[in-house]
file upload-v6.cif (mmCIF, C-alpha atoms)
data_work
#
loop_
_atom_site.label_atom_id
_atom_site.label_comp_id
_atom_site.auth_asym_id
_atom_site.auth_seq_id
_atom_site.Cartn_x
_atom_site.Cartn_y
_atom_site.Cartn_z
CA MET B 1 99.48 100.24 69.61
CA ILE B 2 98.22 101.87 72.79
CA SER B 3 94.99 103.87 72.75
CA TYR B 4 94.57 107.03 74.81
CA LEU B 5 92.23 105.20 77.21
CA GLN B 6 94.74 102.38 77.66
CA GLY B 7 97.50 104.94 78.13
CA ALA B 8 95.56 106.72 80.84
CA ILE B 9 94.71 103.48 82.67
CA LEU B 10 98.28 102.17 82.45
CA GLY B 11 99.60 105.54 83.61
CA LEU B 12 97.27 105.64 86.60
CA LEU B 13 98.28 102.08 87.46
CA GLN B 14 102.01 102.84 87.12
CA GLY B 15 101.72 105.86 89.41
CA ILE B 16 100.05 103.82 92.13
CA ALA B 17 101.94 100.56 91.76
CA GLU B 18 105.45 102.06 91.57
CA PRO B 19 105.62 103.46 95.13
CA PHE B 20 103.25 100.82 96.56
CA PRO B 21 105.12 97.57 97.26
CA ILE B 22 103.02 95.60 94.76
CA SER B 23 105.13 95.63 91.55
CA SER B 24 104.25 98.14 88.86
CA LEU B 25 106.01 96.01 86.24
CA GLY B 26 104.02 92.94 87.26
CA HIS B 27 100.73 94.82 87.10
CA GLY B 28 101.78 96.31 83.77
CA VAL B 29 102.24 92.78 82.41
CA ILE B 30 99.11 91.28 84.00
CA LEU B 31 96.58 94.04 83.28
CA PRO B 32 96.80 93.90 79.45
CA ARG B 33 96.40 90.10 79.59
CA VAL B 34 93.39 90.28 81.92
CA ALA B 35 91.79 93.09 79.90
CA GLY B 36 92.48 91.30 76.63
CA TRP B 37 94.64 94.12 75.23
CA ASP B 38 97.14 93.36 72.50
CA ILE B 39 100.00 94.83 74.51
CA HIS B 40 103.01 92.77 75.52
CA GLN B 41 105.90 93.49 77.83
CA ASN B 42 108.53 93.33 75.09
CA ASP B 43 106.63 95.31 72.45
CA LYS B 44 108.86 98.21 71.45
CA PHE B 45 105.98 100.69 71.54
CA PHE B 46 105.10 99.55 75.08
CA LEU B 47 108.71 99.97 76.23
CA SER B 48 108.67 103.48 74.75
CA PHE B 49 105.42 104.17 76.60
CA LEU B 50 106.98 102.99 79.88
CA VAL B 51 109.86 105.46 79.44
CA ALA B 52 107.38 108.35 79.70
CA THR B 53 105.49 107.00 82.72
CA HIS B 54 108.70 106.14 84.58
CA LEU B 55 110.18 109.54 83.84
CA ALA B 56 107.02 111.15 85.22
CA THR B 57 107.26 108.99 88.36
CA ALA B 58 110.90 109.94 88.87
CA LEU B 59 110.19 113.66 88.40
CA VAL B 60 107.35 113.56 90.92
CA LEU B 61 109.55 111.73 93.44
CA LEU B 62 112.28 114.32 92.86
CA GLY B 63 109.82 117.16 93.37
CA PHE B 64 108.24 115.53 96.43
CA PHE B 65 111.61 115.21 98.15
CA TRP B 66 113.15 118.33 96.55
CA ASN B 67 114.21 119.95 99.81
CA ASP B 68 115.70 116.66 101.02
CA TRP B 69 117.62 116.24 97.75
CA LYS B 70 119.00 119.78 98.01
CA ARG B 71 120.32 118.98 101.48
CA ILE B 72 121.59 115.53 100.44
CA VAL B 73 123.44 116.81 97.36
CA GLY B 74 124.83 119.67 99.46
CA GLY B 75 126.04 117.12 102.00
CA ILE B 76 127.74 115.02 99.33
CA LEU B 77 129.50 118.06 97.84
CA ARG B 78 130.52 119.22 101.32
CA SER B 79 132.01 115.83 102.14
CA LEU B 80 133.94 115.74 98.86
CA LYS B 81 135.40 119.14 99.69
CA GLN B 82 136.30 118.05 103.22
CA ARG B 83 137.47 114.60 102.01
CA GLU B 84 135.60 113.21 104.98
CA ILE B 85 132.05 112.06 105.68
CA ARG B 86 131.63 113.64 109.07
CA ALA B 87 129.59 111.89 111.72
CA ASP B 88 127.79 115.14 112.54
CA ASP B 89 126.69 115.65 108.93
CA PRO B 90 123.57 113.46 108.43
CA ASP B 91 123.01 114.85 104.93
CA ALA B 92 126.41 113.65 103.76
CA GLN B 93 126.00 110.37 105.63
CA LEU B 94 122.59 109.75 104.02
CA GLY B 95 123.76 110.95 100.60
CA TRP B 96 126.67 108.53 100.42
CA ARG B 97 124.47 105.71 101.72
CA LEU B 98 122.14 106.41 98.79
CA VAL B 99 125.14 106.33 96.42
CA VAL B 100 126.36 103.05 97.91
CA GLY B 101 122.84 101.64 97.64
CA THR B 102 122.34 102.80 94.06
CA ILE B 103 125.57 101.70 92.36
CA PRO B 104 125.08 97.90 92.65
CA VAL B 105 121.51 97.92 91.36
CA GLY B 106 122.49 100.38 88.64
CA ILE B 107 125.15 97.97 87.39
CA ILE B 108 122.82 94.97 87.66
CA GLY B 109 120.05 96.88 85.91
CA LEU B 110 122.30 98.00 83.07
CA LEU B 111 123.58 94.51 82.43
CA ALA B 112 120.63 92.25 83.30
CA GLU B 113 117.44 94.21 82.67
CA LYS B 114 116.99 93.13 79.06
CA PRO B 115 117.62 89.38 79.55
CA LEU B 116 115.38 89.30 82.64
CA ARG B 117 112.62 91.12 80.81
CA HIS B 118 112.72 88.57 78.00
CA VAL B 119 112.77 85.55 80.29
CA PHE B 120 110.03 86.67 82.68
CA ALA B 121 107.74 88.65 80.38
CA SER B 122 104.64 86.46 80.60
CA ALA B 123 101.56 87.23 82.69
CA PRO B 124 101.53 83.76 84.38
CA SER B 125 105.11 84.18 85.59
CA ALA B 126 104.32 87.74 86.78
CA ALA B 127 101.33 86.37 88.73
CA ALA B 128 103.48 83.69 90.36
CA PHE B 129 106.15 86.25 91.27
CA LEU B 130 103.46 88.58 92.61
CA PHE B 131 102.50 85.82 95.04
CA LEU B 132 106.16 85.41 96.04
CA ASN B 133 106.42 89.19 96.45
CA GLY B 134 103.64 88.92 99.03
CA VAL B 135 105.53 86.15 100.80
CA MET B 136 108.64 88.36 100.82
CA LEU B 137 106.75 91.30 102.38
CA PHE B 138 105.15 89.03 104.97
CA ALA B 139 108.46 87.37 105.82
CA ALA B 140 110.20 90.75 106.18
CA GLU B 141 107.65 91.87 108.79
CA ARG B 142 108.06 88.59 110.68
CA LEU B 143 111.86 88.65 110.47
CA ARG B 144 111.99 92.23 111.65
CA ARG B 145 109.98 91.45 114.75
CA ARG B 146 112.02 88.36 115.53
CA ALA B 147 115.54 89.41 114.64
CA ALA B 148 115.59 93.10 115.44
CA ASP B 149 118.22 93.92 117.96
CA ALA B 150 116.23 95.54 120.72
CA ARG B 151 118.98 97.93 121.75
CA ALA B 152 119.85 99.01 118.21
CA LEU B 153 116.19 99.51 117.43
CA ALA B 154 115.62 101.51 120.57
CA ALA B 155 118.66 103.67 119.80
CA MET B 156 117.44 104.29 116.26
CA GLU B 157 113.92 105.16 117.30
CA ALA B 158 115.22 107.44 120.03
CA THR B 159 116.76 109.63 117.34
CA ALA B 160 114.14 112.17 116.41
CA ASP B 161 115.35 113.11 112.93
CA ALA B 162 114.54 110.59 110.18
CA ASP B 163 117.71 111.35 108.19
CA ALA B 164 119.83 110.92 111.31
CA ARG B 165 118.20 107.52 111.85
CA LEU B 166 118.84 106.50 108.25
CA SER B 167 122.45 107.64 108.51
CA LYS B 168 122.93 105.06 111.26
CA LEU B 169 122.65 102.27 108.70
CA THR B 170 126.03 100.64 108.08
CA TRP B 171 127.53 100.84 104.59
CA ARG B 172 126.93 97.12 104.14
CA GLN B 173 123.28 97.49 105.11
CA SER B 174 122.90 100.42 102.70
CA ALA B 175 124.46 98.42 99.87
CA ALA B 176 122.27 95.41 100.71
CA ILE B 177 119.06 97.47 100.78
CA GLY B 178 119.98 99.13 97.49
CA THR B 179 120.95 95.86 95.86
CA ALA B 180 117.60 94.37 96.90
CA GLN B 181 116.03 96.71 94.33
CA ALA B 182 117.41 94.47 91.60
CA ILE B 183 114.72 91.88 92.30
CA GLY B 184 112.25 94.46 91.00
CA LEU B 185 113.63 93.83 87.50
CA ILE B 186 111.54 90.64 87.56
CA PRO B 187 107.88 91.46 86.76
CA GLY B 188 105.84 90.55 89.85
CA PHE B 189 108.49 91.47 92.39
CA SER B 190 108.30 95.02 93.69
CA ARG B 191 111.34 97.27 93.77
CA SER B 192 109.92 99.35 96.60
CA GLY B 193 108.72 96.20 98.36
CA ALA B 194 112.21 94.72 98.21
CA THR B 195 113.88 97.84 99.60
CA MET B 196 111.28 98.26 102.33
CA SER B 197 111.66 94.59 103.26
CA ALA B 198 115.44 94.85 103.33
CA GLY B 199 115.15 98.04 105.39
CA LEU B 200 112.94 96.31 107.94
CA VAL B 201 115.36 93.39 108.22
CA ALA B 202 118.18 95.93 108.72
CA GLY B 203 116.30 97.33 111.70
CA LEU B 204 114.50 100.34 110.23
CA ASP B 205 110.88 100.97 111.12
CA ASN B 206 108.26 101.05 108.35
CA GLU B 207 108.27 104.83 108.03
CA ASP B 208 112.05 105.08 107.64
CA ALA B 209 112.19 102.05 105.34
CA ALA B 210 109.58 103.69 103.07
CA ARG B 211 111.42 107.01 103.06
CA PHE B 212 114.75 105.34 102.24
CA SER B 213 113.01 103.34 99.51
CA PHE B 214 111.58 106.48 97.87
CA LEU B 215 114.92 108.27 98.03
CA LEU B 216 116.66 105.25 96.49
CA ALA B 217 114.01 105.04 93.78
CA THR B 218 114.48 108.54 92.41
CA PRO B 219 117.95 108.27 90.83
CA ILE B 220 117.53 104.72 89.59
CA ILE B 221 114.11 105.21 87.97
CA GLY B 222 115.13 108.62 86.61
CA ALA B 223 118.41 107.35 85.16
CA ALA B 224 116.75 104.32 83.58
CA ALA B 225 114.11 106.54 81.98
CA LEU B 226 116.60 109.16 80.78
CA LEU B 227 118.76 106.45 79.24
CA LYS B 228 115.81 105.25 77.18
CA ILE B 229 114.39 108.61 76.14
CA PRO B 230 115.89 108.13 72.63
CA ASP B 231 113.55 105.12 72.26
CA LEU B 232 110.54 107.33 72.91
CA LEU B 233 111.77 110.09 70.62
CA GLY B 234 112.95 107.70 67.89
CA PRO B 235 111.00 105.52 65.43
CA ASP B 236 109.92 103.14 68.23
CA GLY B 237 107.94 105.99 69.75
CA ASP B 238 105.99 106.78 66.56
CA GLY B 239 102.26 106.62 67.27
CA VAL B 240 102.70 106.19 70.99
CA ARG B 241 103.86 109.63 72.10
CA GLY B 242 100.33 111.01 72.58
CA PRO B 243 99.12 108.17 74.81
CA ALA B 244 102.53 108.20 76.52
CA LEU B 245 102.15 111.89 77.36
CA LEU B 246 98.66 111.27 78.76
CA GLY B 247 99.94 108.21 80.65
CA ALA B 248 102.82 110.26 82.06
CA VAL B 249 100.44 112.94 83.36
CA CYS B 250 98.21 110.27 84.94
CA ALA B 251 101.24 108.53 86.45
CA ALA B 252 102.51 111.83 87.86
CA VAL B 253 99.21 112.58 89.59
CA THR B 254 98.80 109.12 91.12
CA THR B 255 102.47 108.90 92.14
CA PHE B 256 102.14 112.14 94.08
CA PHE B 257 99.08 110.99 96.00
CA ALA B 258 100.42 107.45 96.46
CA VAL B 259 103.67 108.70 98.03
CA LYS B 260 101.80 111.16 100.21
CA PHE B 261 99.45 108.40 101.35
CA LEU B 262 102.19 105.85 101.97
CA LEU B 263 104.39 108.17 104.05
CA ARG B 264 101.40 108.76 106.33
CA PHE B 265 100.28 105.12 106.20
CA PHE B 266 103.65 103.77 107.34
CA GLU B 267 103.75 106.06 110.36
CA THR B 268 101.45 103.59 112.07
CA ASN B 269 101.01 100.64 109.72
CA ARG B 270 102.99 97.75 108.29
CA LEU B 271 103.60 95.99 104.98
CA THR B 272 101.21 93.20 105.94
CA PRO B 273 98.10 94.45 104.03
CA PHE B 274 100.16 94.64 100.83
CA ALA B 275 101.54 91.17 101.52
CA TYR B 276 98.01 89.77 101.78
CA TYR B 277 96.96 91.57 98.59
CA CYS B 278 99.94 90.25 96.61
CA MET B 279 99.51 86.69 97.87
CA ALA B 280 95.76 86.68 97.18
CA ALA B 281 95.97 88.36 93.76
CA GLY B 282 99.04 86.34 92.75
CA ALA B 283 97.44 83.02 93.76
CA ALA B 284 94.09 83.81 92.13
CA LEU B 285 95.69 84.97 88.87
CA THR B 286 98.08 81.99 88.77
CA VAL B 287 95.14 79.60 89.09
CA ALA B 288 93.13 81.58 86.52
CA PHE B 289 95.97 81.61 83.99
CA ALA B 290 96.62 77.91 84.57
CA ALA B 291 92.93 77.24 83.92
CA GLY B 292 93.27 79.06 80.61
CA ALA B 293 91.56 82.32 81.50
CA MET Q 1 154.80 100.91 100.75
CA SER Q 2 152.43 100.97 103.72
CA GLY Q 3 149.17 99.02 103.59
CA SER Q 4 147.15 102.19 104.05
CA ARG Q 5 148.52 103.59 100.76
CA THR Q 6 148.26 100.41 98.73
CA LEU Q 7 144.48 100.24 98.51
CA PRO Q 8 143.98 103.88 97.45
CA LEU Q 9 146.67 103.49 94.79
CA LEU Q 10 145.03 100.31 93.53
CA ALA Q 11 141.68 102.12 93.51
CA ILE Q 12 143.11 104.98 91.43
CA PHE Q 13 144.72 102.55 89.00
CA GLY Q 14 141.51 100.51 88.79
CA GLY Q 15 139.44 103.65 88.32
CA VAL Q 16 141.59 104.83 85.41
CA VAL Q 17 141.44 101.39 83.77
CA LEU Q 18 137.67 101.16 84.20
CA ILE Q 19 137.07 104.61 82.74
CA LEU Q 20 139.28 103.76 79.77
CA ILE Q 21 137.29 100.55 79.32
CA GLY Q 22 134.09 102.61 79.46
CA ILE Q 23 135.41 104.94 76.74
CA VAL Q 24 136.28 101.94 74.56
CA TYR Q 25 132.70 100.69 74.94
CA PHE Q 26 131.35 104.11 73.95
CA ILE Q 27 133.46 104.56 70.82
CA GLU Q 28 133.87 101.04 69.47
CA PRO Q 29 131.10 98.90 67.95
CA ALA Q 30 130.63 95.36 69.29
CA HIS Q 31 132.74 93.69 66.59
CA SER Q 32 135.69 96.03 67.21
CA LEU Q 33 135.85 95.42 70.96
CA PRO Q 34 138.76 93.33 72.22
CA SER Q 35 137.68 89.70 72.15
CA PHE Q 36 137.94 89.35 75.94
CA PHE Q 37 135.45 92.21 76.52
CA PRO Q 38 131.89 91.12 77.41
CA GLY Q 39 129.67 91.98 74.47
CA HIS Q 40 132.26 91.33 71.75
CA VAL Q 41 130.76 89.70 68.66
CA GLY Q 42 132.12 88.64 65.30
CA THR Q 43 131.44 90.60 62.13
CA GLY Q 44 128.89 87.96 61.06
CA ASP Q 45 126.68 88.62 64.09
CA ALA Q 46 123.52 90.69 63.58
CA ALA Q 47 124.55 93.01 66.42
CA TYR Q 48 128.06 93.60 65.09
CA ALA Q 49 127.55 97.37 64.73
CA HIS Q 50 125.89 97.79 68.14
CA HIS Q 51 127.57 100.08 70.66
CA HIS Q 52 127.42 98.65 74.20
CA VAL Q 53 126.66 102.00 75.84
CA LYS Q 54 125.26 100.37 78.98
CA HIS Q 55 128.46 98.39 79.52
CA GLY Q 56 130.35 101.66 79.13
CA ILE Q 57 128.21 103.46 81.67
CA ALA Q 58 128.62 100.58 84.14
CA ALA Q 59 132.41 100.68 83.77
CA VAL Q 60 132.57 104.48 84.20
CA VAL Q 61 130.31 104.40 87.28
CA VAL Q 62 132.40 101.73 88.98
CA GLY Q 63 135.53 103.68 88.02
CA LEU Q 64 134.15 106.83 89.64
CA GLY Q 65 133.29 104.74 92.71
CA ALA Q 66 136.92 103.64 92.88
CA PHE Q 67 138.05 107.28 92.69
CA ALA Q 68 135.63 108.20 95.50
CA TYR Q 69 137.11 105.39 97.61
CA ALA Q 70 140.64 106.69 97.02
CA TRP Q 71 139.59 110.30 97.67
CA PHE Q 72 138.02 109.61 101.05
CA SER Q 73 140.50 107.01 102.24
CA THR Q 74 143.37 109.46 101.74
CA GLY Q 75 141.48 112.33 103.39
CA PRO Q 76 141.93 113.53 106.98
CA ALA Q 77 139.78 110.81 108.59
CA GLY Q 78 141.03 108.10 106.25
CA SER Q 79 144.70 108.89 106.85
CA ALA Q 80 144.29 109.05 110.61
CA ALA Q 81 142.72 105.62 110.98
CA GLY Q 82 144.54 102.35 110.85
CA THR Q 83 142.10 99.47 110.87
CA ASP Q 84 139.82 98.24 108.15
CA THR Q 85 136.34 97.85 109.56
CA ASP Q 86 132.81 98.05 108.27
CA ALA Q 87 132.28 101.77 108.50
CA GLY Q 88 129.10 101.91 110.38
CA ALA Q 89 126.65 104.09 112.03
CA GLY Q 90 127.71 107.66 112.26
CA THR Q 91 131.36 107.04 112.81
CA GLY Q 92 132.47 109.77 110.49
CA HIS Q 93 134.43 107.21 108.51
CA SER Q 94 134.53 107.06 104.76
CA PRO Q 95 132.59 104.37 102.89
CA ALA Q 96 135.97 102.98 101.98
CA ARG Q 97 136.64 101.90 105.47
#
call {"tool": "encode", "arguments": {"input": "upload-v6.cif", "output": "structure tokens"}}
result
Amino acid sequence: MISYLQGAILGLLQGIAEPFPISSLGHGVILPRVAGWDIHQNDKFFLSFLVATHLATALVLLGFFWNDWKRIVGGILRSLKQREIRADDPDAQLGWRLVVGTIPVGIIGLLAEKPLRHVFASAPSAAAFLFLNGVMLFAAERLRRRAADARALAAMEATADADARLSKLTWRQSAAIGTAQAIGLIPGFSRSGATMSAGLVAGLDNEDAARFSFLLATPIIGAAALLKIPDLLGPDGDGVRGPALLGAVCAAVTTFFAVKFLLRFFETNRLTPFAYYCMAAGAALTVAFAAGA
Amino acid sequence: MSGSRTLPLLAIFGGVVLILIGIVYFIEPAHSLPSFFPGHVGTGDAAYAHHHVKHGIAAVVVGLGAFAYAWFSTGPAGSAAGTDTDAGAGTGHSPAR
């Protein structure tokens, strides 16, 4: 079972690691092993606990971008009424790009989440994938600088409004960025890291890639948590609801500050520091686990 | 039948089929699913009474996506256009095109 202290620590970690491109799932697998806790990725009580922390994360993301979501949903409804996604309606353009980006990963998540979780549930594999996550972030920054079409980039950055810039993504790019989230089903790979990386490769700057990543995260994390709420409320949640509630509160607090920090951070910074962290931590932990630590 | 009408009609047909498949997943346990459905198991399997709700949700979501495709591609912008291109940046096109 999970103690209240463990619940609080895991909640704080989830809130930070979910929006940061460093894999919350990977850290959730590695931390119990490093701390010597008897908590494993596939334990039913741990899965029930994760429902609460993920729901808290999704609710904070929804609240953080509430005004944006009101505009986006309004844009989607408007376009359905008009039977047209008008070029001069960035809310509808962005909204449907989020839909197009969410459907593929939703399908993949529904069908592949359980098998992937069983295959890659160990701390050593999470450490190895954390290293590869760092490589992915590093490569995305390099690729962006090399491959970015100078004219397209200049045109995008010349557009003052962030949503208008995001609505210039093609449908294929939106689907590709959204589908990249699926790699986050593997503990060690970061969902937000994958979407930010794909966004950079598609020509977005770091700030827009982060914003698109957070908007994409809200429905997918929220839907996944809502779908599993019966696990938390059923017999699998017996004895874990108290720590889960505490963990959810902790996750909510840290998610709020993490998102606030990252949106400001990416105005002027890149993914590179997170890439170095993931590569260093992943390599060190892989060696430590191999040595029997 | 013109090419511009064929795809929306196929999308509507596909959407209806997918939503029906989704309903079957919701109401039938794994052993009662048609044998060609992913997730079908025999009555001897431990998961024979399991309902594949996730498969059902996936089918319904894709079905709704097909309806959205048909809805936009037969709207004012969809009907006016002729070519099938990657609807890109701010063109005002539907995702279907």
call {"tool": "resolve_selection", "arguments": {"input": "upload-v6.cif", "expression": "the PyMOL selection byres ((chain B) within 12 of (chain Q))", "output": "PyMOL selection string"}}
result
chain B and resi 76-77+79-114+152+155-156+163-175+223-224+227-228
call {"tool": "write_last_selection", "arguments": {"input": "upload-v6.cif", "atoms": "C-alpha atoms", "output": "compact mmCIF listing (two decimals), in the coordinates of the input"}}
result
# COMPACT_ATOMS: atom_id res chain seq x y z
CA ILE B 76 127.74 115.02 99.33
CA LEU B 77 129.50 118.06 97.84
CA SER B 79 132.01 115.83 102.14
CA LEU B 80 133.94 115.74 98.86
CA LYS B 81 135.40 119.14 99.69
CA GLN B 82 136.30 118.05 103.22
CA ARG B 83 137.47 114.60 102.01
CA GLU B 84 135.60 113.21 104.98
CA ILE B 85 132.05 112.06 105.68
CA ARG B 86 131.63 113.64 109.07
CA ALA B 87 129.59 111.89 111.72
CA ASP B 88 127.79 115.14 112.54
CA ASP B 89 126.69 115.65 108.93
CA PRO B 90 123.57 113.46 108.43
CA ASP B 91 123.01 114.85 104.93
CA ALA B 92 126.41 113.65 103.76
CA GLN B 93 126.00 110.37 105.63
CA LEU B 94 122.59 109.75 104.02
CA GLY B 95 123.76 110.95 100.60
CA TRP B 96 126.67 108.53 100.42
CA ARG B 97 124.47 105.71 101.72
CA LEU B 98 122.14 106.41 98.79
CA VAL B 99 125.14 106.33 96.42
CA VAL B 100 126.36 103.05 97.91
CA GLY B 101 122.84 101.64 97.64
CA THR B 102 122.34 102.80 94.06
CA ILE B 103 125.57 101.70 92.36
CA PRO B 104 125.08 97.90 92.65
CA VAL B 105 121.51 97.92 91.36
CA GLY B 106 122.49 100.38 88.64
CA ILE B 107 125.15 97.97 87.39
CA ILE B 108 122.82 94.97 87.66
CA GLY B 109 120.05 96.88 85.91
CA LEU B 110 122.30 98.00 83.07
CA LEU B 111 123.58 94.51 82.43
CA ALA B 112 120.63 92.25 83.30
CA GLU B 113 117.44 94.21 82.67
CA LYS B 114 116.99 93.13 79.06
CA ALA B 152 119.85 99.01 118.21
CA ALA B 155 118.66 103.67 119.80
CA MET B 156 117.44 104.29 116.26
CA ASP B 163 117.71 111.35 108.19
CA ALA B 164 119.83 110.92 111.31
CA ARG B 165 118.20 107.52 111.85
CA LEU B 166 118.84 106.50 108.25
CA SER B 167 122.45 107.64 108.51
CA LYS B 168 122.93 105.06 111.26
CA LEU B 169 122.65 102.27 108.70
CA THR B 170 126.03 100.64 108.08
CA TRP B 171 127.53 100.84 104.59
CA ARG B 172 126.93 97.12 104.14
CA GLN B 173 123.28 97.49 105.11
CA SER B 174 122.90 100.42 102.70
CA ALA B 175 124.46 98.42 99.87
CA ALA B 223 118.41 107.35 85.16
CA ALA B 224 116.75 104.32 83.58
CA LEU B 227 118.76 106.45 79.24
CA LYS B 228 115.81 105.25 77.18
call {"tool": "residues_around", "arguments": {"input": "upload-v6.cif", "residues": "B:Gly26", "least_positions_apart": "4", "cutoff": "7 Å", "atoms": "only C-alpha atoms", "output": "PyMOL selection string"}}
result
chain B and resi 30+126+130+187-189
call {"tool": "atom_distance", "arguments": {"input": "upload-v6.cif", "atom1": "atom CA of B:Gln181", "atom2": "atom CA of B:Leu216"}}
result
8.8 Å
call {"tool": "closest_residue", "arguments": {"input": "upload-v6.cif", "among": "B:Ala123, B:Ala8, B:Ala162, B:Ala210", "to": "B:Val34", "atoms": "only C-alpha atoms"}}
result
B:Ala123
call {"tool": "residues_around", "arguments": {"input": "upload-v6.cif", "residues": "B:Thr286", "least_positions_apart": "4", "cutoff": "7 Å", "atoms": "only C-alpha atoms", "output": "ChimeraX atom specification"}}
result
/B:124,127-128,282,290
call {"tool": "write_last_selection", "arguments": {"input": "upload-v6.cif", "atoms": "C-alpha atoms", "output": "PDB file, in the coordinates of the input"}}
result
ATOM      1  CA  PRO B 124     101.530  83.760  84.380  1.00  0.00           C
ATOM      2  CA  ALA B 127     101.330  86.370  88.730  1.00  0.00           C
ATOM      3  CA  ALA B 128     103.480  83.690  90.360  1.00  0.00           C
ATOM      4  CA  GLY B 282      99.040  86.340  92.750  1.00  0.00           C
ATOM      5  CA  ALA B 290      96.620  77.910  84.570  1.00  0.00           C
TER       6      ALA B 290
END
call {"tool": "residues_around", "arguments": {"input": "upload-v6.cif", "residues": "B:Ala209", "least_positions_apart": "2", "cutoff": "9 Å", "atoms": "all atoms listed in the file", "output": "MDAnalysis selection string"}}
result
chainID B and resid 166 195:200 203:207 211:214 266
call {"tool": "resolve_selection", "arguments": {"input": "upload-v6.cif", "expression": "the PyMOL selection byres ((chain B and resi 279) around 8)", "output": "list in words"}}
result
Leu130, Phe131, Leu132, Asn133, Gly134, Val135, Ala275, Tyr276, Tyr277, Cys278, Ala280, Ala281, Gly282 and Ala283 of chain B
call {"tool": "atom_distance", "arguments": {"input": "upload-v6.cif", "atom1": "atom CA of B:Asn67", "atom2": "atom CA of B:Thr218"}}
result
13.6 Å
call {"tool": "residues_around", "arguments": {"input": "upload-v6.cif", "residues": "Q:Val17", "least_positions_apart": "6", "cutoff": "10 Å", "atoms": "all atoms listed in the file", "output": "JSON, numbers by chain"}}
result
{"Q": [11, 23, 59, 60, 63]}
call {"tool": "residues_around", "arguments": {"input": "upload-v6.cif", "residues": "B:Ala244", "least_positions_apart": "6", "cutoff": "9 Å", "atoms": "all atoms listed in the file", "output": "JSON, numbers by chain"}}
result
{"B": [2, 4, 7, 8, 11, 48, 49, 50, 51, 52, 53, 232, 237]}
call {"tool": "write_last_selection", "arguments": {"input": "upload-v6.cif", "atoms": "C-alpha atoms", "output": "PDB file, in the frame of the given file"}}
result
ATOM      1  CA  ILE B   2      98.220 101.870  72.790  1.00  0.00           C
ATOM      2  CA  TYR B   4      94.570 107.030  74.810  1.00  0.00           C
ATOM      3  CA  GLY B   7      97.500 104.940  78.130  1.00  0.00           C
ATOM      4  CA  ALA B   8      95.560 106.720  80.840  1.00  0.00           C
ATOM      5  CA  GLY B  11      99.600 105.540  83.610  1.00  0.00           C
ATOM      6  CA  SER B  48     108.670 103.480  74.750  1.00  0.00           C
ATOM      7  CA  PHE B  49     105.420 104.170  76.600  1.00  0.00           C
ATOM      8  CA  LEU B  50     106.980 102.990  79.880  1.00  0.00           C
ATOM      9  CA  VAL B  51     109.860 105.460  79.440  1.00  0.00           C
ATOM     10  CA  ALA B  52     107.380 108.350  79.700  1.00  0.00           C
ATOM     11  CA  THR B  53     105.490 107.000  82.720  1.00  0.00           C
ATOM     12  CA  LEU B 232     110.540 107.330  72.910  1.00  0.00           C
ATOM     13  CA  GLY B 237     107.940 105.990  69.750  1.00  0.00           C
TER      14      GLY B 237
END
call {"tool": "atom_distance", "arguments": {"input": "upload-v6.cif", "atom1": "atom CA of Q:Asp45", "atom2": "atom CA of B:Ile186"}}
result
28.0 Å
call {"tool": "closest_residue", "arguments": {"input": "upload-v6.cif", "among": "B:Phe45, B:Phe274, B:Phe289, B:Phe64", "to": "B:Met136", "atoms": "all atoms listed in the file"}}
result
B:Phe274
call {"tool": "closest_residue", "arguments": {"input": "upload-v6.cif", "among": "B:Leu61, B:Met1, B:Ile220, B:Cys250", "to": "B:Lys44", "atoms": "all atoms listed in the file"}}
result
B:Met1
call {"tool": "resolve_selection", "arguments": {"input": "upload-v6.cif", "expression": "the PyMOL selection byres ((chain Q and resi 33-38) around 10)", "output": "list in words"}}
result
Ile21, Val24, Tyr25, Ile27, Glu28, Pro29, Ala30, His31, Ser32, Gly39, His40, Val41, Gly42, Tyr48, His51, His52 and His55 of chain Q
call {"tool": "decode", "arguments": {"input": "upload-v6.cif", "residues": "stretch 47-61 of chain Q", "atoms": "C-alpha atoms", "output": "PDB file, in the first residue's frame"}}
result
ATOM      1  CA  ALA Q  47     -11.700 -13.052 -19.586  1.00  0.00           C
ATOM      2  CA  TYR Q  48     -14.785 -14.481 -21.285  1.00  0.00           C
ATOM      3  CA  ALA Q  49     -17.186 -12.186 -19.393  1.00  0.00           C
ATOM      4  CA  HIS Q  50     -15.086  -9.042 -19.906  1.00  0.00           C
ATOM      5  CA  HIS Q  51     -16.652  -6.143 -21.796  1.00  0.00           C
ATOM      6  CA  HIS Q  52     -14.160  -4.466 -24.157  1.00  0.00           C
ATOM      7  CA  VAL Q  53     -15.323  -0.936 -23.348  1.00  0.00           C
ATOM      8  CA  LYS Q  54     -12.088   0.622 -24.620  1.00  0.00           C
ATOM      9  CA  HIS Q  55     -12.479  -1.037 -28.013  1.00  0.00           C
ATOM     10  CA  GLY Q  56     -16.020   0.333 -28.088  1.00  0.00           C
ATOM     11  CA  ILE Q  57     -14.906   3.857 -27.276  1.00  0.00           C
ATOM     12  CA  ALA Q  58     -12.206   3.682 -29.962  1.00  0.00           C
ATOM     13  CA  ALA Q  59     -14.748   2.557 -32.576  1.00  0.00           C
ATOM     14  CA  VAL Q  60     -17.259   5.285 -31.622  1.00  0.00           C
ATOM     15  CA  VAL Q  61     -14.575   8.013 -31.670  1.00  0.00           C
TER      16      VAL Q  61
END
